[in-house]
Each structure stands twice: as structure tokens, then as C-alpha cells.
Amino acid sequence: MYIFIAALLLNALLGSAAVYPKLLIDLLSTKQTISHSACIFQAFLLYVYAASEFTLLSAMAFDRYVSICKPLQYHTFIRTQTVKLMLLLAWLLPTCEVGGAAVMTATLRLCKFTLARITCDNFSLVKLSCGDTRMNNIYGLLILVIAVFPPVIFIIFSYARILTTCLKRSKGFRRGALQTCLPHLFIFLNFTVISVFEIIQHRVPPNTPHIFRVITSILLVVIPPLFNPLIYGLKMREISQQLKVLFRLKRVAQ
């Protein structure tokens with residue numbers, strides 16, 4: 001479980017590193033610009049981060065499912081080699097999928113040069129391009145379906161089986177399962193809702209307030225990297241106890 005948590009936080013670091021250095025440069029500059037190649041690379045990193053997040057969350061759901069529904073077979077299913085393979089596929093598959101979209105976008109010629117967002121994304125770059133972009137749109141839709149729907153369906157299926165198992169067990173078992181699954185479920189719902197906002201904002205009318213586009217364009221790299229460590233940090237007993245001691249000492253000092 002802790003290996004998957006560390007992988008999830010490392011992935012959030014990847015998404016943040018794709019945006020924050022450039023954002024700091026823009027804040028210190030009088031004119032906010034980015035080269036075409038750098039914009040494509042930033043979009044590539046952001047899409048890999050988002051797709052890997054869903055894949056890692058599905059791997060964590062599998063770990064929860066086996067530990068709760070098949071505890072006696074846990075060490076049979078979740079071996080060191082299995083964990084390594086899941087982590088490898090969690091980043092390798094999205095990299096290959098998104099890499100194809102990045103290559104296709106790089107071949108397009110730009111006719112417009114203004115982004116209504118803080119971050120670059122493949123869909124906006126395609127809209128700024130000239131010529132026939134049907135293949136780009138079809139491939140992008142295909143990648144969206146492949147990267148999002150199978151992990152989401154698997155997570156829903158896993159939690160349905162976990163819920164069925166918990167209903168048949170004792171109250172103490174249900175309490176332990178809830179403490180194990182609740183942080184993961186919260187992070188999954190949080191990231192899914194933010195991803196839906198990211199998809200919807202591409203379909204809103206052009207006259208939508210600019211501030212709305214700016215805020216929605218950075219939600220994906222602000223909220224998950226900020227709240228994921230907080231959620232899992234408070235869940236770990238050692239960290240939560242140290243925080244309680246810290247706040248208790250502050251009250252005494254005041």
C-alpha cells in the first residue's frame with residue numbers, strides 16, 4: 001500500500017513540475033510566451049500525469065480489493081514483481097498513448113498563437129492549427145476513452161465487490177475496511193471531478209469569462225498534489241500523532 005501511495009505522490013510531483021517552473025518564469029516576465037515545442041512537451045507531461053493517475057488509482061483499488069476480499073491470497077497476488085510490473089505499466093502505457101498524440105500535434109502548422117489558458121494542452125493546440133485535424137481529434141478521443149474508462153470501471157467494480165464483502169462481515173471488519181478505502185476513494189472522486197471539469201471547459205462557448213478558463217486550467221495540478229499528501233499523511237498514525245502533539249504544544253505556548 002505504501003509503495004502505491006509513494007508512486008501516486010511521485011506522479012503528482014511530475015504534474016506539478018510540468019507547470020510550476022514555467023508559471024514562475026511567467027510571473028517574473030512582462031510578456032508570457034512559450035515556444036511551440038515547449039508547449040507540446042508541457043501538454044505531453046500533463047496528459048501522462050493525468051492518465052497515470054487513473055492507472056495508479058486502479059492499481060491501488062486492486063490492492064485494496066485483494067487485501068479485503070481475498071486476504072489469505074494477498075501474498076499470492078501482490079508480489080514484489082507484480083507491484084513492479086503494475087508501476088511500470090502505470091507510466092509506460094500512458095507515455096506511449098500520449099506520445100502518439102504529441103507526435104501528431106507536432107506535425108500541424110499553427111495559424112493562431114494565443115492560448116486562453118495558463119497551461120498548454122493538446123486539444124487547444126489542435127484548435128490553433130490549420131488544415132485537417134480530424135485524425136488528431138479521433139485519436140485524442142480514443143486515448144481519452146482508453147486512458148479513463150477502463151480504470152474508472154475497474155475501480156467501481158472493485159469497490160462494489162468490497163462493499164458486498166463488508167456487508168457480510170462484522171462491524172469491526174467494516175470499520176477497518178472503511179479506514180483503508182476512504183482516503184483512496186476520496187482521492188479518486190476528487191481527481192475524477194477535476195478531470196471532468198477539465199474536459200468540459202474545452203466545450204464551453206468562446207465568450208466564457210477568461211478567469212473561469214484560467215482557474216479550470218490549473219485545477220488538475222493544484223488540488224490533487226496539494227490534498228493527496230495531506231489526506232494520506234493524516235491517515236498515517238505516526239504523522240497524525242505528531243501533528244496532535246504539535247498543535248497541543250502550540251496551545252500550551254499561547
# chains A, B, ... in the order shown; residues from 1 in each chain; ligands from 1
>>> residues_around(residues="A:Thr114", least_positions_apart="5", cutoff="10 Å", atoms="only C-alpha atoms", output="count of residues only")
4
>>> closest_atom_pairs(of="stretch 90-129 of chain A", to="stretch 6-16 of chain A", cutoff="12 Å", atoms="only C-alpha atoms", output="tab-separated table")
residue	atom	partner	partner_atom	distance
A:Ala90	CA	A:Ala7	CA	9.6
A:Trp91	CA	A:Asn11	CA	8.9
A:Thr119	CA	A:Ser16	CA	11.2
>>> write_last_selection(atoms="N, CA, C and O atoms", output="short mmCIF file (atom, residue, chain, number, x, y, z; two decimals), in the first residue's frame")
data_model
loop_
_atom_site.label_atom_id
_atom_site.label_comp_id
_atom_site.auth_asym_id
_atom_site.auth_seq_id
_atom_site.Cartn_x
_atom_site.Cartn_y
_atom_site.Cartn_z
N ALA A 90 1.87 1.48 -15.35
CA ALA A 90 1.13 2.68 -14.99
C ALA A 90 1.72 3.93 -15.63
O ALA A 90 1.00 4.90 -15.89
N TRP A 91 3.03 3.93 -15.88
CA TRP A 91 3.66 5.08 -16.54
C TRP A 91 4.00 4.80 -18.01
O TRP A 91 3.98 5.73 -18.82
N THR A 119 -1.91 26.76 -18.87
CA THR A 119 -1.14 25.58 -19.28
C THR A 119 -1.46 25.21 -20.73
O THR A 119 -2.53 25.53 -21.25
#
>>> select_by_dssp(residues="stretch 32-127 of chain A", states="helix (DSSP H, G or I)", output="PyMOL selection string")
chain A and resi 36-69+71-77+80-106+122-127
>>> closest_atom_pairs(of="stretch 95-122 of chain A", to="stretch 20-23 of chain A", cutoff="12 Å", atoms="only C-alpha atoms", output="JSON lines")
{"residue": "A:Arg117", "atom": "CA", "partner": "A:Leu23", "partner_atom": "CA", "distance": 11.6}
{"residue": "A:Ile118", "atom": "CA", "partner": "A:Leu23", "partner_atom": "CA", "distance": 7.8}
{"residue": "A:Thr119", "atom": "CA", "partner": "A:Leu23", "partner_atom": "CA", "distance": 8.6}
{"residue": "A:Cys120", "atom": "CA", "partner": "A:Lys22", "partner_atom": "CA", "distance": 10.8}
>>> write_last_selection(atoms="N, CA, C and O atoms", output="PDB file, in the first residue's frame")
ATOM      1  N   ARG A 117      -5.462  29.912 -21.773  1.00  0.00           N
ATOM      2  CA  ARG A 117      -5.199  29.086 -20.604  1.00  0.00           C
ATOM      3  C   ARG A 117      -3.812  29.410 -20.046  1.00  0.00           C
ATOM      4  O   ARG A 117      -3.010  30.044 -20.724  1.00  0.00           O
ATOM      5  N   ILE A 118      -3.563  28.950 -18.829  1.00  0.00           N
ATOM      6  CA  ILE A 118      -2.229  29.074 -18.259  1.00  0.00           C
ATOM      7  C   ILE A 118      -1.335  27.948 -18.748  1.00  0.00           C
ATOM      8  O   ILE A 118      -0.156  28.142 -19.006  1.00  0.00           O
ATOM      9  N   THR A 119      -1.905  26.757 -18.873  1.00  0.00           N
ATOM     10  CA  THR A 119      -1.136  25.584 -19.282  1.00  0.00           C
ATOM     11  C   THR A 119      -1.457  25.212 -20.727  1.00  0.00           C
ATOM     12  O   THR A 119      -2.530  25.529 -21.246  1.00  0.00           O
ATOM     13  N   CYS A 120      -0.528  24.515 -21.348  1.00  0.00           N
ATOM     14  CA  CYS A 120      -0.744  24.006 -22.704  1.00  0.00           C
ATOM     15  C   CYS A 120      -1.460  22.663 -22.638  1.00  0.00           C
ATOM     16  O   CYS A 120      -1.247  21.888 -21.706  1.00  0.00           O
TER      17      CYS A 120
END
>>> residues_around(residues="stretch 67-79 of chain A", least_positions_apart="6", cutoff="12 Å", atoms="only C-alpha atoms", output="MDAnalysis selection string")
chainID A and resid 1 3:4 59:61 85:86 158:169 173:181
>>> residues_around(residues="stretch 100-113 of chain A", least_positions_apart="4", cutoff="8 Å", atoms="only C-alpha atoms", output="list in words")
Ser37, Ile40, Phe41, Ala43, Phe44, Cys96, Asn122, Leu125, Val126, Leu128, Ser129, Cys130, Gly131, Asn136, Tyr139 and Gly140 of chain A
>>> closest_residue(among="A:Leu182, A:Leu45, A:Ala17, A:Ala51", to="A:Phe149", atoms="only C-alpha atoms")
A:Ala51
>>> closest_residue(among="A:Ile5, A:His36, A:Thr55, A:Leu46", to="A:Pro150", atoms="only C-alpha atoms")
A:Thr55
>>> closest_residue(among="A:Pro209, A:Phe191, A:Tyr65, A:Ile155", to="A:Val221", atoms="only C-alpha atoms")
A:Phe191
>>> residues_around(residues="A:His202", least_positions_apart="3", cutoff="12 Å", atoms="only C-alpha atoms", output="VMD selection string")
chain A and resid 115 to 117 121 to 127 195 to 199 205 to 206 208 212 to 214 216 to 217
>>> atom_distance(atom1="atom CA of A:Arg64", atom2="atom CA of A:Phe227")
20.4 Å
>>> decode(residues="stretch 143-159 of chain A", atoms="N, CA, C and O atoms", output="mmCIF file, in the first residue's frame")
data_model
loop_
_atom_site.group_PDB
_atom_site.id
_atom_site.type_symbol
_atom_site.label_atom_id
_atom_site.label_comp_id
_atom_site.auth_asym_id
_atom_site.auth_seq_id
_atom_site.Cartn_x
_atom_site.Cartn_y
_atom_site.Cartn_z
ATOM 1 N N ILE A 143 -7.796 7.995 -27.138
ATOM 2 C CA ILE A 143 -6.915 7.949 -25.973
ATOM 3 C C ILE A 143 -7.687 8.287 -24.702
ATOM 4 O O ILE A 143 -7.465 7.684 -23.637
ATOM 5 N N LEU A 144 -8.608 9.248 -24.787
ATOM 6 C CA LEU A 144 -9.425 9.604 -23.625
ATOM 7 C C LEU A 144 -10.231 8.401 -23.145
ATOM 8 O O LEU A 144 -10.292 8.116 -21.941
ATOM 9 N N VAL A 145 -10.840 7.688 -24.086
ATOM 10 C CA VAL A 145 -11.652 6.520 -23.735
ATOM 11 C C VAL A 145 -10.782 5.422 -23.132
ATOM 12 O O VAL A 145 -11.130 4.818 -22.106
ATOM 13 N N ILE A 146 -9.616 5.166 -23.742
ATOM 14 C CA ILE A 146 -8.751 4.087 -23.280
ATOM 15 C C ILE A 146 -8.123 4.413 -21.919
ATOM 16 O O ILE A 146 -8.014 3.547 -21.045
ATOM 17 N N ALA A 147 -7.717 5.663 -21.724
ATOM 18 C CA ALA A 147 -6.982 6.042 -20.510
ATOM 19 C C ALA A 147 -7.886 6.234 -19.301
ATOM 20 O O ALA A 147 -7.426 6.077 -18.164
ATOM 21 N N VAL A 148 -9.150 6.569 -19.528
ATOM 22 C CA VAL A 148 -10.028 6.924 -18.406
ATOM 23 C C VAL A 148 -11.041 5.831 -18.080
ATOM 24 O O VAL A 148 -11.147 5.392 -16.927
ATOM 25 N N PHE A 149 -11.776 5.361 -19.064
ATOM 26 C CA PHE A 149 -12.919 4.495 -18.780
ATOM 27 C C PHE A 149 -12.544 3.123 -18.210
ATOM 28 O O PHE A 149 -13.166 2.692 -17.228
ATOM 29 N N PRO A 150 -11.553 2.402 -18.741
ATOM 30 C CA PRO A 150 -11.209 1.108 -18.117
ATOM 31 C C PRO A 150 -10.784 1.236 -16.651
ATOM 32 O O PRO A 150 -11.282 0.461 -15.805
ATOM 33 N N PRO A 151 -9.887 2.187 -16.276
ATOM 34 C CA PRO A 151 -9.564 2.311 -14.846
ATOM 35 C C PRO A 151 -10.758 2.681 -13.973
ATOM 36 O O PRO A 151 -10.925 2.143 -12.871
ATOM 37 N N VAL A 152 -11.593 3.602 -14.468
ATOM 38 C CA VAL A 152 -12.758 4.023 -13.682
ATOM 39 C C VAL A 152 -13.727 2.857 -13.484
ATOM 40 O O VAL A 152 -14.220 2.627 -12.369
ATOM 41 N N ILE A 153 -13.988 2.109 -14.546
ATOM 42 C CA ILE A 153 -14.896 0.956 -14.443
ATOM 43 C C ILE A 153 -14.322 -0.086 -13.494
ATOM 44 O O ILE A 153 -15.045 -0.674 -12.676
ATOM 45 N N PHE A 154 -13.003 -0.308 -13.573
ATOM 46 C CA PHE A 154 -12.378 -1.288 -12.690
ATOM 47 C C PHE A 154 -12.451 -0.850 -11.228
ATOM 48 O O PHE A 154 -12.703 -1.679 -10.338
ATOM 49 N N ILE A 155 -12.247 0.429 -10.967
ATOM 50 C CA ILE A 155 -12.327 0.932 -9.593
ATOM 51 C C ILE A 155 -13.743 0.790 -9.047
ATOM 52 O O ILE A 155 -13.950 0.359 -7.899
ATOM 53 N N ILE A 156 -14.737 1.120 -9.852
ATOM 54 C CA ILE A 156 -16.135 0.977 -9.425
ATOM 55 C C ILE A 156 -16.455 -0.493 -9.149
ATOM 56 O O ILE A 156 -17.103 -0.830 -8.140
ATOM 57 N N PHE A 157 -15.995 -1.378 -10.029
ATOM 58 C CA PHE A 157 -16.222 -2.811 -9.829
ATOM 59 C C PHE A 157 -15.547 -3.294 -8.547
ATOM 60 O O PHE A 157 -16.134 -4.062 -7.773
ATOM 61 N N SER A 158 -14.314 -2.852 -8.298
ATOM 62 C CA SER A 158 -13.583 -3.272 -7.100
ATOM 63 C C SER A 158 -14.310 -2.836 -5.837
ATOM 64 O O SER A 158 -14.447 -3.618 -4.878
ATOM 65 N N TYR A 159 -14.789 -1.598 -5.821
ATOM 66 C CA TYR A 159 -15.471 -1.121 -4.622
ATOM 67 C C TYR A 159 -16.846 -1.750 -4.452
ATOM 68 O O TYR A 159 -17.336 -1.884 -3.321
#
